[in-house]
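Reproduced below: data_29.tsv, with TSV, C-alpha atoms and all ligand atoms.
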chain	number	residue	atom	x	y	z
A	224	MET	CA	77.03	114.40	96.64
A	225	VAL	CA	77.94	110.74	96.81
A	226	GLU	CA	79.82	109.58	99.88
A	227	ALA	CA	81.54	106.23	100.42
A	228	ILE	CA	82.31	105.12	103.99
A	229	LEU	CA	84.73	102.35	104.90
A	230	LEU	CA	82.75	100.40	107.51
A	231	GLY	CA	85.41	97.83	108.42
A	232	ILE	CA	89.02	97.03	107.57
A	233	ALA	CA	89.55	93.49	108.89
A	234	GLN	CA	89.69	90.15	107.10
A	235	ASP	CA	86.61	87.93	107.49
A	236	GLY	CA	87.40	86.87	111.08
A	237	GLY	CA	87.64	90.47	112.38
A	238	ARG	CA	90.13	91.64	114.99
A	239	PRO	CA	90.33	90.31	117.66
A	240	GLN	CA	89.83	86.99	115.93
A	241	ALA	CA	88.15	84.07	117.70
A	242	GLY	CA	90.70	81.54	118.93
A	243	CYS	CA	93.73	83.84	118.70
A	244	ASN	CA	95.63	84.09	121.97
A	245	LYS	CA	98.59	86.03	120.56
A	246	SER	CA	99.56	89.63	121.16
A	247	CYS	CA	97.70	90.77	118.00
A	248	CYS	CA	94.35	89.98	119.62
A	249	ILE	CA	94.80	89.91	123.38
A	250	GLY	CA	93.76	92.95	125.39
A	251	LEU	CA	92.66	95.16	122.47
A	252	SER	CA	90.73	98.25	123.52
A	253	ALA	CA	87.39	99.09	121.88
A	254	ASP	CA	89.02	101.53	119.46
A	255	GLN	CA	91.52	98.88	118.38
A	256	THR	CA	88.72	96.50	117.42
A	257	SER	CA	88.25	96.07	113.68
A	258	TYR	CA	85.12	94.85	111.93
A	259	PRO	CA	85.28	92.77	108.77
A	260	THR	CA	85.52	94.80	105.57
A	261	SER	CA	82.38	96.44	104.23
A	262	LEU	CA	81.59	99.66	102.36
A	263	GLY	CA	78.62	102.03	102.58
A	264	VAL	CA	77.71	104.34	99.70
A	265	ILE	CA	75.26	107.16	100.29
A	266	SER	CA	73.78	109.03	97.36
A	267	PRO	CA	71.09	111.73	97.65
A	268	SER	CA	68.32	109.22	97.07
A	269	GLU	CA	69.66	105.77	98.03
A	270	VAL	CA	71.88	103.98	100.53
A	271	HIS	CA	74.01	101.11	99.28
A	272	LEU	CA	75.84	98.56	101.40
A	273	ILE	CA	78.54	96.32	99.94
A	274	ASP	CA	79.11	93.11	101.97
A	275	VAL	CA	77.15	92.42	105.14
A	276	THR	CA	79.05	91.46	108.27
A	277	ARG	CA	78.04	90.26	111.73
A	278	ASN	CA	78.95	93.75	113.00
A	279	LEU	CA	76.27	95.42	110.87
A	280	ALA	CA	74.68	97.20	113.86
A	281	SER	CA	77.92	98.98	114.80
A	282	GLN	CA	78.85	99.58	111.18
A	283	LEU	CA	75.53	101.29	110.35
A	284	GLN	CA	76.40	103.86	113.00
A	285	PHE	CA	79.14	105.14	110.70
A	286	MET	CA	76.28	105.98	108.31
A	287	ASP	CA	74.24	107.81	110.97
A	288	GLY	CA	72.03	104.75	111.25
A	289	LYS	CA	70.77	105.08	107.66
A	290	LEU	CA	69.40	101.73	106.49
A	291	PRO	CA	70.52	100.41	103.12
A	292	THR	CA	68.07	100.39	100.23
A	293	HIS	CA	70.44	98.25	98.12
A	294	VAL	CA	72.81	95.49	99.26
A	295	TRP	CA	75.66	94.14	97.12
A	296	LEU	CA	77.70	91.01	97.77
A	297	THR	CA	81.23	90.49	96.52
A	298	HIS	CA	81.29	86.74	97.24
A	299	ALA	CA	80.18	84.02	99.63
A	300	HIS	CA	83.08	83.82	102.11
A	301	PHE	CA	81.57	84.11	105.55
A	302	GLY	CA	82.83	87.52	106.62
A	303	HIS	CA	81.11	89.10	103.61
A	304	VAL	CA	77.70	87.51	104.11
A	305	ASP	CA	77.26	86.44	107.73
A	306	GLY	CA	75.28	89.56	108.61
A	307	LEU	CA	72.54	88.91	106.04
A	308	GLY	CA	70.24	87.29	108.61
A	309	GLN	CA	69.91	90.66	110.35
A	310	PHE	CA	67.67	91.91	107.54
A	311	GLY	CA	65.12	89.24	108.48
A	312	ARG	CA	62.17	89.21	110.85
A	313	GLU	CA	64.18	88.94	114.05
A	314	THR	CA	65.93	92.24	113.47
A	315	ILE	CA	65.42	94.81	110.66
A	316	ASN	CA	62.39	93.05	109.11
A	317	ALA	CA	63.17	94.36	105.62
A	318	LYS	CA	60.76	93.86	102.74
A	319	GLY	CA	61.91	93.63	99.13
A	320	LEU	CA	65.40	94.94	99.91
A	321	LYS	CA	67.29	94.93	96.61
A	322	LEU	CA	70.06	92.34	96.90
A	323	HIS	CA	72.56	92.47	94.02
A	324	THR	CA	74.51	89.25	93.57
A	325	SER	CA	76.07	87.19	90.83
A	326	LYS	CA	74.28	84.16	89.44
A	327	SER	CA	76.42	81.70	91.44
A	328	MET	CA	75.80	83.62	94.67
A	329	HIS	CA	72.10	83.70	93.82
A	330	THR	CA	72.12	79.90	93.46
A	331	LEU	CA	73.88	79.53	96.81
A	332	LEU	CA	71.29	81.79	98.52
A	333	SER	CA	68.44	79.73	97.08
A	334	ASP	CA	70.13	76.45	98.06
A	335	THR	CA	70.84	77.44	101.69
A	336	PRO	CA	67.77	76.82	103.88
A	337	GLN	CA	68.21	79.83	106.18
A	338	TRP	CA	68.59	82.24	103.22
A	339	LYS	CA	65.93	80.49	101.14
A	340	LEU	CA	63.47	81.13	103.98
A	341	MET	CA	64.28	84.86	103.85
A	342	LEU	CA	63.79	84.87	100.08
A	343	ASP	CA	60.42	83.10	100.50
A	344	GLN	CA	59.41	85.67	103.12
A	345	GLY	CA	60.15	88.49	100.65
A	346	VAL	CA	62.98	90.05	102.69
A	347	PHE	CA	65.10	90.39	99.56
A	348	SER	CA	64.39	91.05	95.95
A	349	LEU	CA	67.29	89.54	93.98
A	350	LYS	CA	69.01	91.48	91.21
A	351	GLU	CA	71.61	89.67	89.16
A	352	ILE	CA	74.94	91.39	88.62
A	353	VAL	CA	77.05	90.88	85.51
A	354	SER	CA	80.71	91.86	85.30
A	355	LYS	CA	81.29	95.27	83.69
A	356	THR	CA	77.54	96.00	83.53
A	357	ALA	CA	76.82	99.13	85.57
A	358	LEU	CA	73.79	100.04	87.63
A	359	ARG	CA	73.27	103.73	86.95
A	360	GLN	CA	71.42	106.04	89.27
A	361	GLU	CA	71.17	109.80	89.47
A	362	GLY	CA	74.74	111.12	89.58
A	363	PHE	CA	76.46	107.83	90.13
A	364	SER	CA	77.00	104.22	89.09
A	365	ILE	CA	78.17	100.88	90.53
A	366	THR	CA	79.95	98.43	88.24
A	367	PRO	CA	80.82	94.84	89.25
A	368	ILE	CA	84.20	93.56	88.06
A	369	LEU	CA	84.90	89.81	88.06
A	370	VAL	CA	88.18	88.83	89.77
A	371	PRO	CA	89.65	85.37	90.39
A	372	HIS	CA	89.23	84.24	94.01
A	373	ARG	CA	88.82	80.71	95.45
A	374	ALA	CA	85.41	79.89	94.04
A	375	GLU	CA	84.30	76.92	96.15
A	376	LEU	CA	80.98	78.63	96.93
A	377	SER	CA	80.59	81.53	94.51
A	378	ASP	CA	82.56	83.70	92.13
A	379	MET	CA	83.94	87.08	93.29
A	380	HIS	CA	83.25	90.60	92.08
A	381	ALA	CA	85.05	93.80	92.99
A	382	PHE	CA	82.99	96.99	92.59
A	383	VAL	CA	83.76	100.32	90.95
A	384	ILE	CA	81.70	103.19	92.33
A	385	LYS	CA	81.65	106.31	90.21
A	386	GLY	CA	80.36	109.58	91.64
A	387	PRO	CA	80.16	113.00	89.96
A	388	ASN	CA	83.79	113.79	90.80
A	389	LYS	CA	85.68	110.65	91.77
A	390	THR	CA	85.70	106.91	91.16
A	391	LEU	CA	86.54	104.27	93.78
A	392	LEU	CA	87.50	100.59	93.48
A	393	TYR	CA	86.48	98.19	96.27
A	394	LEU	CA	88.55	94.99	96.01
A	395	PRO	CA	88.68	93.23	99.40
A	396	ASP	CA	89.73	89.78	98.17
A	397	HIS	CA	91.46	88.21	95.20
A	398	ASP	CA	93.91	85.34	94.76
A	399	THR	CA	96.90	86.76	92.90
A	400	TRP	CA	97.75	89.86	90.90
A	401	GLN	CA	98.91	87.63	88.08
A	402	GLU	CA	95.47	86.03	87.64
A	403	THR	CA	93.55	89.29	88.13
A	404	LEU	CA	95.71	91.19	85.65
A	405	GLU	CA	95.60	88.32	83.15
A	406	LEU	CA	91.81	88.18	83.27
A	407	HIS	CA	91.64	91.89	82.49
A	408	GLN	CA	94.43	91.70	79.92
A	409	CYS	CA	96.70	94.15	81.70
A	410	ASN	CA	100.46	93.95	82.13
A	411	ASP	CA	100.69	95.79	85.42
A	412	LEU	CA	98.66	97.38	88.19
A	413	ARG	CA	98.87	100.91	86.79
A	414	GLU	CA	97.47	99.71	83.48
A	415	TRP	CA	94.52	98.06	85.27
A	416	PHE	CA	93.89	101.10	87.48
A	417	GLY	CA	93.97	103.19	84.30
A	418	GLN	CA	91.50	100.85	82.58
A	419	LEU	CA	89.14	101.20	85.54
A	420	ASN	CA	89.72	104.97	85.55
A	421	ILE	CA	89.77	105.16	89.35
A	422	ASP	CA	90.93	107.84	91.79
A	423	ILE	CA	90.79	105.69	94.94
A	424	ALA	CA	91.64	101.98	95.21
A	425	LEU	CA	90.61	100.09	98.36
A	426	ILE	CA	92.51	96.86	97.82
A	427	ASP	CA	93.26	93.49	99.38
A	428	GLY	CA	95.97	93.90	102.03
A	429	THR	CA	95.14	90.72	103.97
A	430	PHE	CA	98.74	89.71	104.70
A	431	TRP	CA	101.88	91.75	104.99
A	432	SER	CA	104.06	88.92	103.68
A	433	ALA	CA	104.08	85.17	103.20
A	434	ASP	CA	105.95	84.81	106.55
A	435	GLU	CA	102.71	85.62	108.32
A	436	LEU	CA	101.27	82.27	107.32
A	437	ALA	CA	103.48	80.28	109.68
A	438	GLY	CA	102.22	76.73	109.88
A	439	ARG	CA	100.38	76.97	106.57
A	440	ASN	CA	101.63	76.16	103.11
A	441	GLN	CA	103.52	79.33	102.20
A	442	ASP	CA	103.68	78.44	98.52
A	443	LYS	CA	99.97	79.02	98.41
A	444	VAL	CA	99.38	82.47	99.86
A	445	PRO	CA	95.64	82.96	99.30
A	446	HIS	CA	95.94	86.74	98.77
A	447	PRO	CA	98.67	88.95	97.25
A	448	PRO	CA	100.80	90.08	100.23
A	449	ILE	CA	101.19	93.86	100.70
A	450	THR	CA	104.97	93.52	100.18
A	451	GLN	CA	104.32	92.17	96.69
A	452	THR	CA	101.85	94.95	95.86
A	453	LEU	CA	104.43	97.52	97.09
A	454	ASP	CA	107.10	95.90	94.90
A	455	MET	CA	104.80	96.13	91.90
A	456	LEU	CA	103.76	99.74	92.56
A	457	GLY	CA	106.96	101.27	93.91
A	458	PHE	CA	106.61	104.85	95.10
A	459	LYS	CA	103.43	106.81	94.35
A	460	ARG	CA	103.69	108.79	91.13
A	461	GLN	CA	101.79	111.75	89.81
A	462	GLY	CA	98.45	110.61	88.40
A	463	ASP	CA	98.32	107.42	90.50
A	464	PRO	CA	95.13	106.70	92.41
A	465	GLU	CA	95.15	106.82	96.19
A	466	VAL	CA	95.83	103.17	97.13
A	467	ILE	CA	94.48	102.08	100.52
A	468	PHE	CA	94.98	98.58	101.93
A	469	ILE	CA	91.96	96.90	103.55
A	470	HIS	CA	90.79	93.39	104.59
A	471	LEU	CA	93.72	93.10	107.03
A	472	ASN	CA	94.29	89.77	108.76
A	473	HIS	CA	94.47	89.99	112.57
A	474	THR	CA	98.19	89.13	112.35
A	475	ASN	CA	99.00	91.94	109.91
A	476	PRO	CA	101.71	94.21	111.39
A	477	VAL	CA	100.25	97.28	109.62
A	478	TYR	CA	97.63	97.48	112.37
A	479	ASP	CA	100.43	99.10	114.38
A	480	GLN	CA	100.57	102.74	113.28
A	481	TRP	CA	104.01	103.12	114.85
A	482	GLY	CA	105.45	99.97	113.28
A	483	GLU	CA	108.00	99.91	110.47
A	484	GLU	CA	105.60	98.18	108.06
A	485	TYR	CA	102.95	100.91	108.44
A	486	THR	CA	105.65	103.56	108.06
A	487	GLN	CA	106.96	101.92	104.90
A	488	VAL	CA	103.50	101.96	103.27
A	489	VAL	CA	103.01	105.63	104.14
A	490	GLU	CA	106.53	106.65	103.09
A	491	MET	CA	105.91	105.10	99.68
A	492	GLY	CA	102.84	107.32	99.33
A	493	TRP	CA	100.11	104.73	100.03
A	494	LYS	CA	97.71	104.25	102.95
A	495	ILE	CA	96.29	101.73	105.39
A	496	GLY	CA	92.49	101.79	105.73
A	497	LYS	CA	90.82	103.21	108.82
A	498	GLN	CA	87.39	102.23	110.01
A	499	GLY	CA	84.96	105.08	109.36
A	500	MET	CA	87.12	106.70	106.64
A	501	LYS	CA	84.95	108.78	104.28
A	502	PHE	CA	85.42	109.56	100.59
A	503	GLU	CA	83.52	112.17	98.62
A	504	LEU	CA	82.96	110.82	95.17
A	601	ZN	ZN	87.28	88.12	102.76
A	602	ZN	ZN	95.39	87.59	116.50
A	603	ZN	ZN	87.24	85.60	100.28

For the file at hand, write its structure as structure tokens.
Amino acid sequence: MVEAILLGIAQDGGRPQAGCNKSCCIGLSADQTSYPTSLGVISPSEVHLIDVTRNLASQLQFMDGKLPTHVWLTHAHFGHVDGLGQFGRETINAKGLKLHTSKSMHTLLSDTPQWKLMLDQGVFSLKEIVSKTALRQEGFSITPILVPHRAELSDMHAFVIKGPNKTLLYLPDHDTWQETLELHQCNDLREWFGQLNIDIALIDGTFWSADELAGRNQDKVPHPPITQTLDMLGFKRQGDPEVIFIHLNHTNPVYDQWGEEYTQVVEMGWKIGKQGMKFEL
């Protein structure tokens, strides 16, 4: 059996987010706290972790404390990598942990003194990922998929995890549907989901709508808002994958299970991610 576990559902800053004094973040109870997005994948012989957040210690508890034998990075934005230091001497003291990254991420790791030190100490053994080239292991595979996302530091890869029965897409960040679909030569989301042959899609739901970016340039929404994705998908149809929104900004109204936005997503047949959610693949 291959099991995937959603270890966090928040955008890079988590929820509560540092510096936010609004109702979204004030007075949250422990069970309303959300860690940045990350995914664990447990196969009979190996434990994979995709993205490493500062909440790694709490997130590993969703995997019964199992330590990863392989780590995969989608891209260099801080919420996806700021837990890497915990594999070093001060904490886990890993040796030769397989770290799968793209070439540009590899360069960034080697050029950043604190990560270079860990490489020199043999904490990680780097494995280069290439879009659409799968790593195959007994009963399952992981395939990186290049997607356009602000590439100031590194490029960005989504991952497709294929188990014996089901296939899951992990796409926490991308810039726009237009650019992602164009890169993969698809006309619409269903065509792309079909091309990837997936049953479950964990996708970028950072913002509900452009209105959430008050005070920022709303012409440049850095992620496709959920309202746009809903417009493109419409109601769930037979044969559609299970679509689950993740990487939610602290301001996103879908955190409120009783709110109209959450209800709209569910009524259309889709879901909002929950920390600790498990998928049998
Ligand atoms: Zn992110
Ligand atoms: Zn907030
Ligand atoms: Zn990002």

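Residue nearest ligand ZN 603 (chain A), chosen from A:Lys339, A:Lys289, A:Arg460, A:His380 and counting all atoms listed in the file: A:His380.
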
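Distances from A:Pro291, A:Gly250, A:Gly319, A:Gly236 to ligand ZN 601 (chain A) were compared using all atoms listed in the file, and the smallest one belongs to A:Gly236.
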
Item to check | Within 7 Å of A:Ile495 using all atoms listed in the file, minus same-chain residues under 2 positions, as JSON, numbers by chain | outcome: {"A": [467, 468, 469, 497]}

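Among the candidates A:Ser281, A:Thr390, A:Gln487, A:Ser348, the residue lying nearest to A:Gln418 is A:Thr390 (atoms considered: all atoms listed in the file).
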
Next on the checklist: Around ligand ZN 601 (chain A), out to 8 Å and counting all atoms listed in the file, which residues are there? I want them as number ranges by chain.
Outcome noted: A: 234-235, 259-260, 300-303, 395-396, 470

Since the input is missing atoms, can you rebuild N, CA and C atoms for stretch 282-303 of chain A and write them as a PDB file, keeping the file's coordinate frame?
ATOM      1  N   GLN A 282      78.394  98.970 112.431  1.00  0.00           N
ATOM      2  CA  GLN A 282      78.850  99.580 111.180  1.00  0.00           C
ATOM      3  C   GLN A 282      77.842 100.592 110.634  1.00  0.00           C
ATOM      4  N   LEU A 283      76.543 100.332 110.830  1.00  0.00           N
ATOM      5  CA  LEU A 283      75.530 101.290 110.350  1.00  0.00           C
ATOM      6  C   LEU A 283      75.645 102.623 111.084  1.00  0.00           C
ATOM      7  N   GLN A 284      76.242 102.603 112.276  1.00  0.00           N
ATOM      8  CA  GLN A 284      76.400 103.860 113.000  1.00  0.00           C
ATOM      9  C   GLN A 284      77.368 104.819 112.302  1.00  0.00           C
ATOM     10  N   PHE A 285      78.270 104.260 111.494  1.00  0.00           N
ATOM     11  CA  PHE A 285      79.140 105.140 110.700  1.00  0.00           C
ATOM     12  C   PHE A 285      78.339 105.859 109.606  1.00  0.00           C
ATOM     13  N   MET A 286      77.131 105.349 109.338  1.00  0.00           N
ATOM     14  CA  MET A 286      76.280 105.980 108.310  1.00  0.00           C
ATOM     15  C   MET A 286      75.094 106.658 108.977  1.00  0.00           C
ATOM     16  N   ASP A 287      75.295 107.146 110.194  1.00  0.00           N
ATOM     17  CA  ASP A 287      74.240 107.810 110.970  1.00  0.00           C
ATOM     18  C   ASP A 287      72.987 106.957 111.052  1.00  0.00           C
ATOM     19  N   GLY A 288      73.168 105.648 111.094  1.00  0.00           N
ATOM     20  CA  GLY A 288      72.030 104.750 111.250  1.00  0.00           C
ATOM     21  C   GLY A 288      71.159 104.576 110.016  1.00  0.00           C
ATOM     22  N   LYS A 289      71.576 105.209 108.897  1.00  0.00           N
ATOM     23  CA  LYS A 289      70.770 105.080 107.660  1.00  0.00           C
ATOM     24  C   LYS A 289      70.715 103.617 107.231  1.00  0.00           C
ATOM     25  N   LEU A 290      69.534 103.123 106.916  1.00  0.00           N
ATOM     26  CA  LEU A 290      69.400 101.730 106.490  1.00  0.00           C
ATOM     27  C   LEU A 290      69.614 101.613 104.988  1.00  0.00           C
ATOM     28  N   PRO A 291      70.307 100.555 104.551  1.00  0.00           N
ATOM     29  CA  PRO A 291      70.520 100.410 103.120  1.00  0.00           C
ATOM     30  C   PRO A 291      69.228 100.148 102.351  1.00  0.00           C
ATOM     31  N   THR A 292      69.170 100.687 101.142  1.00  0.00           N
ATOM     32  CA  THR A 292      68.070 100.390 100.230  1.00  0.00           C
ATOM     33  C   THR A 292      68.526  99.378  99.169  1.00  0.00           C
ATOM     34  N   HIS A 293      69.852  99.236  99.042  1.00  0.00           N
ATOM     35  CA  HIS A 293      70.440  98.250  98.120  1.00  0.00           C
ATOM     36  C   HIS A 293      71.594  97.560  98.848  1.00  0.00           C
ATOM     37  N   VAL A 294      71.684  96.237  98.696  1.00  0.00           N
ATOM     38  CA  VAL A 294      72.810  95.490  99.260  1.00  0.00           C
ATOM     39  C   VAL A 294      73.515  94.757  98.134  1.00  0.00           C
ATOM     40  N   TRP A 295      74.842  94.785  98.157  1.00  0.00           N
ATOM     41  CA  TRP A 295      75.660  94.140  97.120  1.00  0.00           C
ATOM     42  C   TRP A 295      76.600  93.151  97.799  1.00  0.00           C
ATOM     43  N   LEU A 296      76.778  91.990  97.196  1.00  0.00           N
ATOM     44  CA  LEU A 296      77.700  91.010  97.770  1.00  0.00           C
ATOM     45  C   LEU A 296      78.851  90.748  96.812  1.00  0.00           C
ATOM     46  N   THR A 297      80.065  90.788  97.365  1.00  0.00           N
ATOM     47  CA  THR A 297      81.230  90.490  96.520  1.00  0.00           C
ATOM     48  C   THR A 297      81.331  88.992  96.262  1.00  0.00           C
ATOM     49  N   HIS A 298      81.177  88.192  97.353  1.00  0.00           N
ATOM     50  CA  HIS A 298      81.290  86.740  97.240  1.00  0.00           C
ATOM     51  C   HIS A 298      80.799  86.089  98.525  1.00  0.00           C
ATOM     52  N   ALA A 299      80.871  84.751  98.563  1.00  0.00           N
ATOM     53  CA  ALA A 299      80.180  84.020  99.630  1.00  0.00           C
ATOM     54  C   ALA A 299      81.022  83.728 100.865  1.00  0.00           C
ATOM     55  N   HIS A 300      82.299  84.118 100.905  1.00  0.00           N
ATOM     56  CA  HIS A 300      83.080  83.820 102.110  1.00  0.00           C
ATOM     57  C   HIS A 300      82.429  84.493 103.324  1.00  0.00           C
ATOM     58  N   PHE A 301      82.513  83.804 104.462  1.00  0.00           N
ATOM     59  CA  PHE A 301      81.570  84.110 105.550  1.00  0.00           C
ATOM     60  C   PHE A 301      81.602  85.544 106.053  1.00  0.00           C
ATOM     61  N   GLY A 302      82.764  86.158 106.093  1.00  0.00           N
ATOM     62  CA  GLY A 302      82.830  87.520 106.620  1.00  0.00           C
ATOM     63  C   GLY A 302      82.071  88.536 105.771  1.00  0.00           C
ATOM     64  N   HIS A 303      81.767  88.175 104.543  1.00  0.00           N
ATOM     65  CA  HIS A 303      81.110  89.100 103.610  1.00  0.00           C
ATOM     66  C   HIS A 303      79.599  88.915 103.583  1.00  0.00           C
TER      67      HIS A 303
END
